[in-house]
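Trainee: One structure, as structure tokens, below. Some questions next.
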Amino acid sequence: MSAKLFETNKTNRVCSPCPVGWAPQGQKCFLFSQDRADWISSQYRCMSLGGAVAMVRTEEEQVFLWKKAQSLSQEDSYWLGLRSGDGGWQWSDGSPVERGPGFWEREPDKKDSSELCGRLTPGDDYRRSWFTYRCSNQLRRICERRQAALQ
């Protein structure tokens, strides 16, 4: 009887570096939302999950996000952690975009003072999938967070 009780209480646990629903890539986990929000609300929603709107630091990340967005979006766009500011385009952590790779469809004007943010729209070429968009528009978002590490 005790052996039978032991079998019914067994559970299989799998350690994962990312929470359920998040996709691992490199040292990060990414979450593609289904709902839509403006850029600021999207940033707050990602922060509430322990992350931020995705900041693309490598070409590998860009290819991964582009492919995943193509498979999920039904031609929808996703907010990235890109926002125009006084000093040009910045990532949501305040670092300048010049440090990262450029995948703009058309390089945005750095002097444009309107409230513009960056979106990823999957198309034929991952190198041409960033577009400017008014931050007040409603889009899906890609959140990122660091992968968990075992101590």
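We label chains A, B, ... in the order they appear in the structure tokens, count residues from 1 in each chain, and number ligands from 1 in the order shown.
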Please identify all polymer residues within 12 Å of Ser77 in chain A, counting only C-alpha atoms, omitting same-chain residues fewer than 5 positions from it, and present them as JSON, numbers by chain.

Mentor: {"A": [32, 33, 34, 35, 36, 37, 65, 66, 68, 69, 70, 71, 72, 118, 119, 120, 121, 122, 123, 129, 130, 131, 132, 133, 137, 138, 139, 140, 141, 142]}

Trainee: Near range 84-90 of chain A, counting only C-alpha atoms, which residues have an atom at most 6 Å away, once you skip same-chain residues fewer than 5 positions from it, shown as a list in words?

Mentor: Ser95, Pro96, Val97, Lys110 and Leu116 of chain A

Trainee: Would you save the residues of that selection, restricted to all heavy atoms, as a compact mmCIF listing (two decimals), in the first residue's frame?

Mentor:
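again07.txt written:
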# COMPACT_ATOMS: atom_id res chain seq x y z
N SER A 95 20.27 53.55 -22.68
CA SER A 95 21.47 53.47 -23.51
C SER A 95 21.14 53.85 -24.95
O SER A 95 20.04 53.58 -25.44
CB SER A 95 22.08 52.06 -23.44
OG SER A 95 21.18 51.10 -23.94
N PRO A 96 22.09 54.47 -25.64
CA PRO A 96 21.83 54.89 -27.03
C PRO A 96 21.77 53.70 -27.97
O PRO A 96 22.46 52.70 -27.77
CB PRO A 96 23.01 55.79 -27.36
CG PRO A 96 24.09 55.43 -26.40
CD PRO A 96 23.41 54.89 -25.17
N VAL A 97 20.96 53.81 -29.00
CA VAL A 97 20.79 52.73 -29.97
C VAL A 97 22.05 52.55 -30.82
O VAL A 97 22.30 51.47 -31.31
CB VAL A 97 19.54 52.97 -30.85
CG1 VAL A 97 19.44 51.96 -31.98
CG2 VAL A 97 18.30 52.92 -29.99
N LYS A 110 17.04 61.73 -36.37
CA LYS A 110 17.38 61.92 -34.96
C LYS A 110 16.85 63.24 -34.41
O LYS A 110 16.75 63.42 -33.22
CB LYS A 110 18.89 61.86 -34.76
CG LYS A 110 19.44 60.49 -35.03
CD LYS A 110 20.91 60.41 -34.81
CE LYS A 110 21.38 59.01 -35.15
NZ LYS A 110 22.71 58.73 -34.80
N LEU A 116 7.88 59.22 -30.70
CA LEU A 116 7.99 58.03 -31.54
C LEU A 116 8.69 56.90 -30.78
O LEU A 116 9.61 57.14 -30.01
CB LEU A 116 8.77 58.34 -32.82
CG LEU A 116 8.10 59.27 -33.81
CD1 LEU A 116 9.04 59.57 -34.97
CD2 LEU A 116 6.80 58.69 -34.32

Trainee: Range 45-60 of chain A: which residues within 10 Å, counting only C-alpha atoms, same-chain residues fewer than 5 positions away excluded, as an mmCIF file with N, CA, C and O atoms, in the first residue's frame?

Mentor:
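Result written to selection.cif:
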data_model
loop_
_atom_site.group_PDB
_atom_site.id
_atom_site.type_symbol
_atom_site.label_atom_id
_atom_site.label_comp_id
_atom_site.auth_asym_id
_atom_site.auth_seq_id
_atom_site.Cartn_x
_atom_site.Cartn_y
_atom_site.Cartn_z
ATOM 1 N N PRO A 19 10.466 31.463 -17.164
ATOM 2 C CA PRO A 19 9.124 31.127 -16.693
ATOM 3 C C PRO A 19 8.289 30.503 -17.806
ATOM 4 O O PRO A 19 8.593 30.647 -18.993
ATOM 5 N N GLN A 25 16.503 32.522 -25.193
ATOM 6 C CA GLN A 25 17.415 32.863 -26.293
ATOM 7 C C GLN A 25 18.639 33.506 -25.665
ATOM 8 O O GLN A 25 18.521 34.547 -25.016
ATOM 9 N N GLY A 26 19.809 32.893 -25.862
ATOM 10 C CA GLY A 26 21.031 33.414 -25.256
ATOM 11 C C GLY A 26 20.890 33.443 -23.749
ATOM 12 O O GLY A 26 20.510 32.454 -23.128
ATOM 13 N N LYS A 28 18.789 35.505 -22.227
ATOM 14 C CA LYS A 28 17.510 36.169 -21.961
ATOM 15 C C LYS A 28 16.333 35.239 -22.182
ATOM 16 O O LYS A 28 16.450 34.204 -22.834
ATOM 17 N N CYS A 29 15.203 35.661 -21.636
ATOM 18 C CA CYS A 29 13.913 35.031 -21.878
ATOM 19 C C CYS A 29 13.019 36.101 -22.519
ATOM 20 O O CYS A 29 13.071 37.265 -22.109
ATOM 21 N N PHE A 30 12.227 35.713 -23.500
ATOM 22 C CA PHE A 30 11.348 36.655 -24.190
ATOM 23 C C PHE A 30 9.904 36.190 -24.111
ATOM 24 O O PHE A 30 9.621 34.995 -24.220
ATOM 25 N N LEU A 31 9.002 37.155 -23.924
ATOM 26 C CA LEU A 31 7.566 36.885 -23.875
ATOM 27 C C LEU A 31 6.878 37.745 -24.928
ATOM 28 O O LEU A 31 7.032 38.968 -24.943
ATOM 29 N N PHE A 32 6.130 37.118 -25.807
ATOM 30 C CA PHE A 32 5.360 37.806 -26.847
ATOM 31 C C PHE A 32 3.926 37.901 -26.379
ATOM 32 O O PHE A 32 3.265 36.884 -26.187
ATOM 33 N N SER A 33 3.425 39.128 -26.187
ATOM 34 C CA SER A 33 2.077 39.307 -25.645
ATOM 35 C C SER A 33 1.021 39.073 -26.709
ATOM 36 O O SER A 33 1.279 39.195 -27.911
ATOM 37 N N ALA A 37 -1.262 47.338 -26.078
ATOM 38 C CA ALA A 37 -1.200 48.508 -25.191
ATOM 39 C C ALA A 37 -0.287 49.536 -25.845
ATOM 40 O O ALA A 37 0.455 49.219 -26.778
ATOM 41 N N TRP A 39 3.026 52.206 -25.709
ATOM 42 C CA TRP A 39 4.400 51.849 -25.366
ATOM 43 C C TRP A 39 4.666 51.937 -23.866
ATOM 44 O O TRP A 39 5.267 51.039 -23.282
ATOM 45 N N ILE A 40 4.216 53.020 -23.234
ATOM 46 C CA ILE A 40 4.452 53.191 -21.784
ATOM 47 C C ILE A 40 3.763 52.089 -20.991
ATOM 48 O O ILE A 40 4.364 51.489 -20.094
ATOM 49 N N LEU A 65 13.907 37.053 -32.614
ATOM 50 C CA LEU A 65 12.667 37.815 -32.413
ATOM 51 C C LEU A 65 11.879 37.936 -33.711
ATOM 52 O O LEU A 65 10.650 37.803 -33.711
ATOM 53 N N TRP A 66 12.556 38.171 -34.808
ATOM 54 C CA TRP A 66 11.912 38.287 -36.119
ATOM 55 C C TRP A 66 11.207 36.984 -36.493
ATOM 56 O O TRP A 66 10.044 36.987 -36.889
ATOM 57 N N TYR A 78 5.043 44.377 -32.990
ATOM 58 C CA TYR A 78 5.355 44.309 -31.560
ATOM 59 C C TYR A 78 6.222 45.500 -31.171
ATOM 60 O O TYR A 78 7.157 45.853 -31.887
ATOM 61 N N TRP A 79 5.924 46.060 -29.996
ATOM 62 C CA TRP A 79 6.799 47.110 -29.458
ATOM 63 C C TRP A 79 8.155 46.521 -29.120
ATOM 64 O O TRP A 79 8.260 45.424 -28.576
ATOM 65 N N LEU A 80 9.196 47.287 -29.412
ATOM 66 C CA LEU A 80 10.541 47.026 -28.925
ATOM 67 C C LEU A 80 10.864 48.105 -27.899
ATOM 68 O O LEU A 80 10.155 49.104 -27.805
ATOM 69 N N GLY A 81 11.946 47.941 -27.175
ATOM 70 C CA GLY A 81 12.345 48.928 -26.167
ATOM 71 C C GLY A 81 13.051 50.124 -26.774
ATOM 72 O O GLY A 81 14.055 50.576 -26.239
ATOM 73 N N LEU A 82 12.549 50.642 -27.878
ATOM 74 C CA LEU A 82 13.124 51.781 -28.599
ATOM 75 C C LEU A 82 12.234 52.995 -28.440
ATOM 76 O O LEU A 82 11.027 52.917 -28.660
ATOM 77 N N GLN A 90 16.937 55.842 -28.097
ATOM 78 C CA GLN A 90 17.488 55.154 -26.928
ATOM 79 C C GLN A 90 16.717 53.867 -26.684
ATOM 80 O O GLN A 90 15.547 53.749 -27.030
ATOM 81 N N TRP A 91 17.414 52.928 -26.030
ATOM 82 C CA TRP A 91 16.754 51.738 -25.511
ATOM 83 C C TRP A 91 16.020 52.127 -24.238
ATOM 84 O O TRP A 91 16.300 53.168 -23.643
ATOM 85 N N SER A 92 15.125 51.284 -23.802
ATOM 86 C CA SER A 92 14.331 51.606 -22.612
ATOM 87 C C SER A 92 15.176 51.718 -21.354
ATOM 88 O O SER A 92 14.741 52.301 -20.365
ATOM 89 N N ASP A 93 16.411 51.214 -21.351
ATOM 90 C CA ASP A 93 17.285 51.375 -20.184
ATOM 91 C C ASP A 93 18.105 52.665 -20.251
ATOM 92 O O ASP A 93 18.932 52.924 -19.400
ATOM 93 N N SER A 95 20.266 53.549 -22.678
ATOM 94 C CA SER A 95 21.469 53.466 -23.511
ATOM 95 C C SER A 95 21.141 53.845 -24.955
ATOM 96 O O SER A 95 20.045 53.581 -25.439
ATOM 97 N N VAL A 97 20.959 53.807 -29.000
ATOM 98 C CA VAL A 97 20.793 52.726 -29.968
ATOM 99 C C VAL A 97 22.049 52.550 -30.819
ATOM 100 O O VAL A 97 22.301 51.465 -31.309
ATOM 101 N N ARG A 99 24.915 51.925 -30.086
ATOM 102 C CA ARG A 99 25.733 50.800 -29.604
ATOM 103 C C ARG A 99 25.219 49.455 -30.103
ATOM 104 O O ARG A 99 25.929 48.484 -30.128
ATOM 105 N N GLY A 100 23.956 49.404 -30.443
ATOM 106 C CA GLY A 100 23.355 48.145 -30.876
ATOM 107 C C GLY A 100 23.315 48.042 -32.390
ATOM 108 O O GLY A 100 23.602 48.986 -33.107
ATOM 109 N N PRO A 101 22.958 46.876 -32.909
ATOM 110 C CA PRO A 101 22.837 46.716 -34.353
ATOM 111 C C PRO A 101 21.649 47.520 -34.878
ATOM 112 O O PRO A 101 20.713 47.794 -34.149
ATOM 113 N N GLY A 102 21.691 47.892 -36.134
ATOM 114 C CA GLY A 102 20.595 48.665 -36.729
ATOM 115 C C GLY A 102 19.812 47.830 -37.720
ATOM 116 O O GLY A 102 20.388 47.259 -38.631
ATOM 117 N N PHE A 103 18.513 47.763 -37.516
ATOM 118 C CA PHE A 103 17.652 46.970 -38.397
ATOM 119 C C PHE A 103 16.466 47.798 -38.879
ATOM 120 O O PHE A 103 15.392 47.283 -39.125
ATOM 121 N N TYR A 126 14.845 40.153 -41.999
ATOM 122 C CA TYR A 126 15.038 40.528 -40.590
ATOM 123 C C TYR A 126 15.855 41.808 -40.463
ATOM 124 O O TYR A 126 15.764 42.502 -39.464
ATOM 125 N N ARG A 127 16.653 42.141 -41.482
ATOM 126 C CA ARG A 127 17.474 43.350 -41.430
ATOM 127 C C ARG A 127 16.665 44.621 -41.660
ATOM 128 O O ARG A 127 17.177 45.713 -41.476
ATOM 129 N N ARG A 141 3.527 43.442 -27.542
ATOM 130 C CA ARG A 141 4.864 43.789 -27.075
ATOM 131 C C ARG A 141 5.700 42.526 -26.906
ATOM 132 O O ARG A 141 5.169 41.428 -26.762
ATOM 133 N N ILE A 142 7.003 42.737 -26.911
ATOM 134 C CA ILE A 142 7.949 41.677 -26.575
ATOM 135 C C ILE A 142 8.634 42.111 -25.290
ATOM 136 O O ILE A 142 9.264 43.160 -25.240
ATOM 137 N N CYS A 143 8.474 41.315 -24.243
ATOM 138 C CA CYS A 143 9.161 41.573 -22.973
ATOM 139 C C CYS A 143 10.420 40.705 -22.931
ATOM 140 O O CYS A 143 10.459 39.622 -23.508
ATOM 141 N N GLU A 144 11.414 41.196 -22.214
ATOM 142 C CA GLU A 144 12.618 40.416 -21.983
ATOM 143 C C GLU A 144 12.962 40.418 -20.511
ATOM 144 O O GLU A 144 12.602 41.344 -19.783
ATOM 145 N N ARG A 145 13.638 39.382 -20.068
ATOM 146 C CA ARG A 145 14.211 39.318 -18.728
ATOM 147 C C ARG A 145 15.383 38.360 -18.777
ATOM 148 O O ARG A 145 15.497 37.563 -19.696
ATOM 149 N N ARG A 146 16.247 38.472 -17.799
ATOM 150 C CA ARG A 146 17.411 37.598 -17.752
ATOM 151 C C ARG A 146 16.982 36.171 -17.372
ATOM 152 O O ARG A 146 16.050 36.005 -16.600
#

Trainee: Please provide as an NGL selection string all residues within 12 Å of Ser16 in chain A, with the sequence filter that same-chain residues fewer than 4 positions apart are discarded (counting only C-alpha atoms).

Mentor: :A and (20-24 or 29 or 147-150)

Trainee: Where does DSSP see helix (DSSP H, G or I) in range 36-97 of chain A, if you list the residues as a list of chain:residue names?

Mentor: A:Trp39, A:Ile40, A:Ser41, A:Ser42, A:Gln43, A:Tyr44, A:Arg45, A:Cys46, A:Met47, A:Ser48, A:Glu59, A:Glu60, A:Glu61, A:Gln62, A:Val63, A:Phe64, A:Leu65, A:Trp66, A:Lys67, A:Lys68, A:Ala69, A:Gln70, A:Ser71, A:Leu72, A:Val97

Trainee: Go ahead and compute the interatomic distance for CA of Ser136 in chain A and CA of Glu75 in chain A, in Å to one decimal.

Mentor: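 Straight-line distance from CA of Ser136 in chain A to CA of Glu75 in chain A works out to 19.8 Å.
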
Trainee: If you measure from CA of Cys117 in chain A to CA of Arg134 in chain A, what distance in Å do you get, rounded to one decimal?

Mentor: 6.1 Å
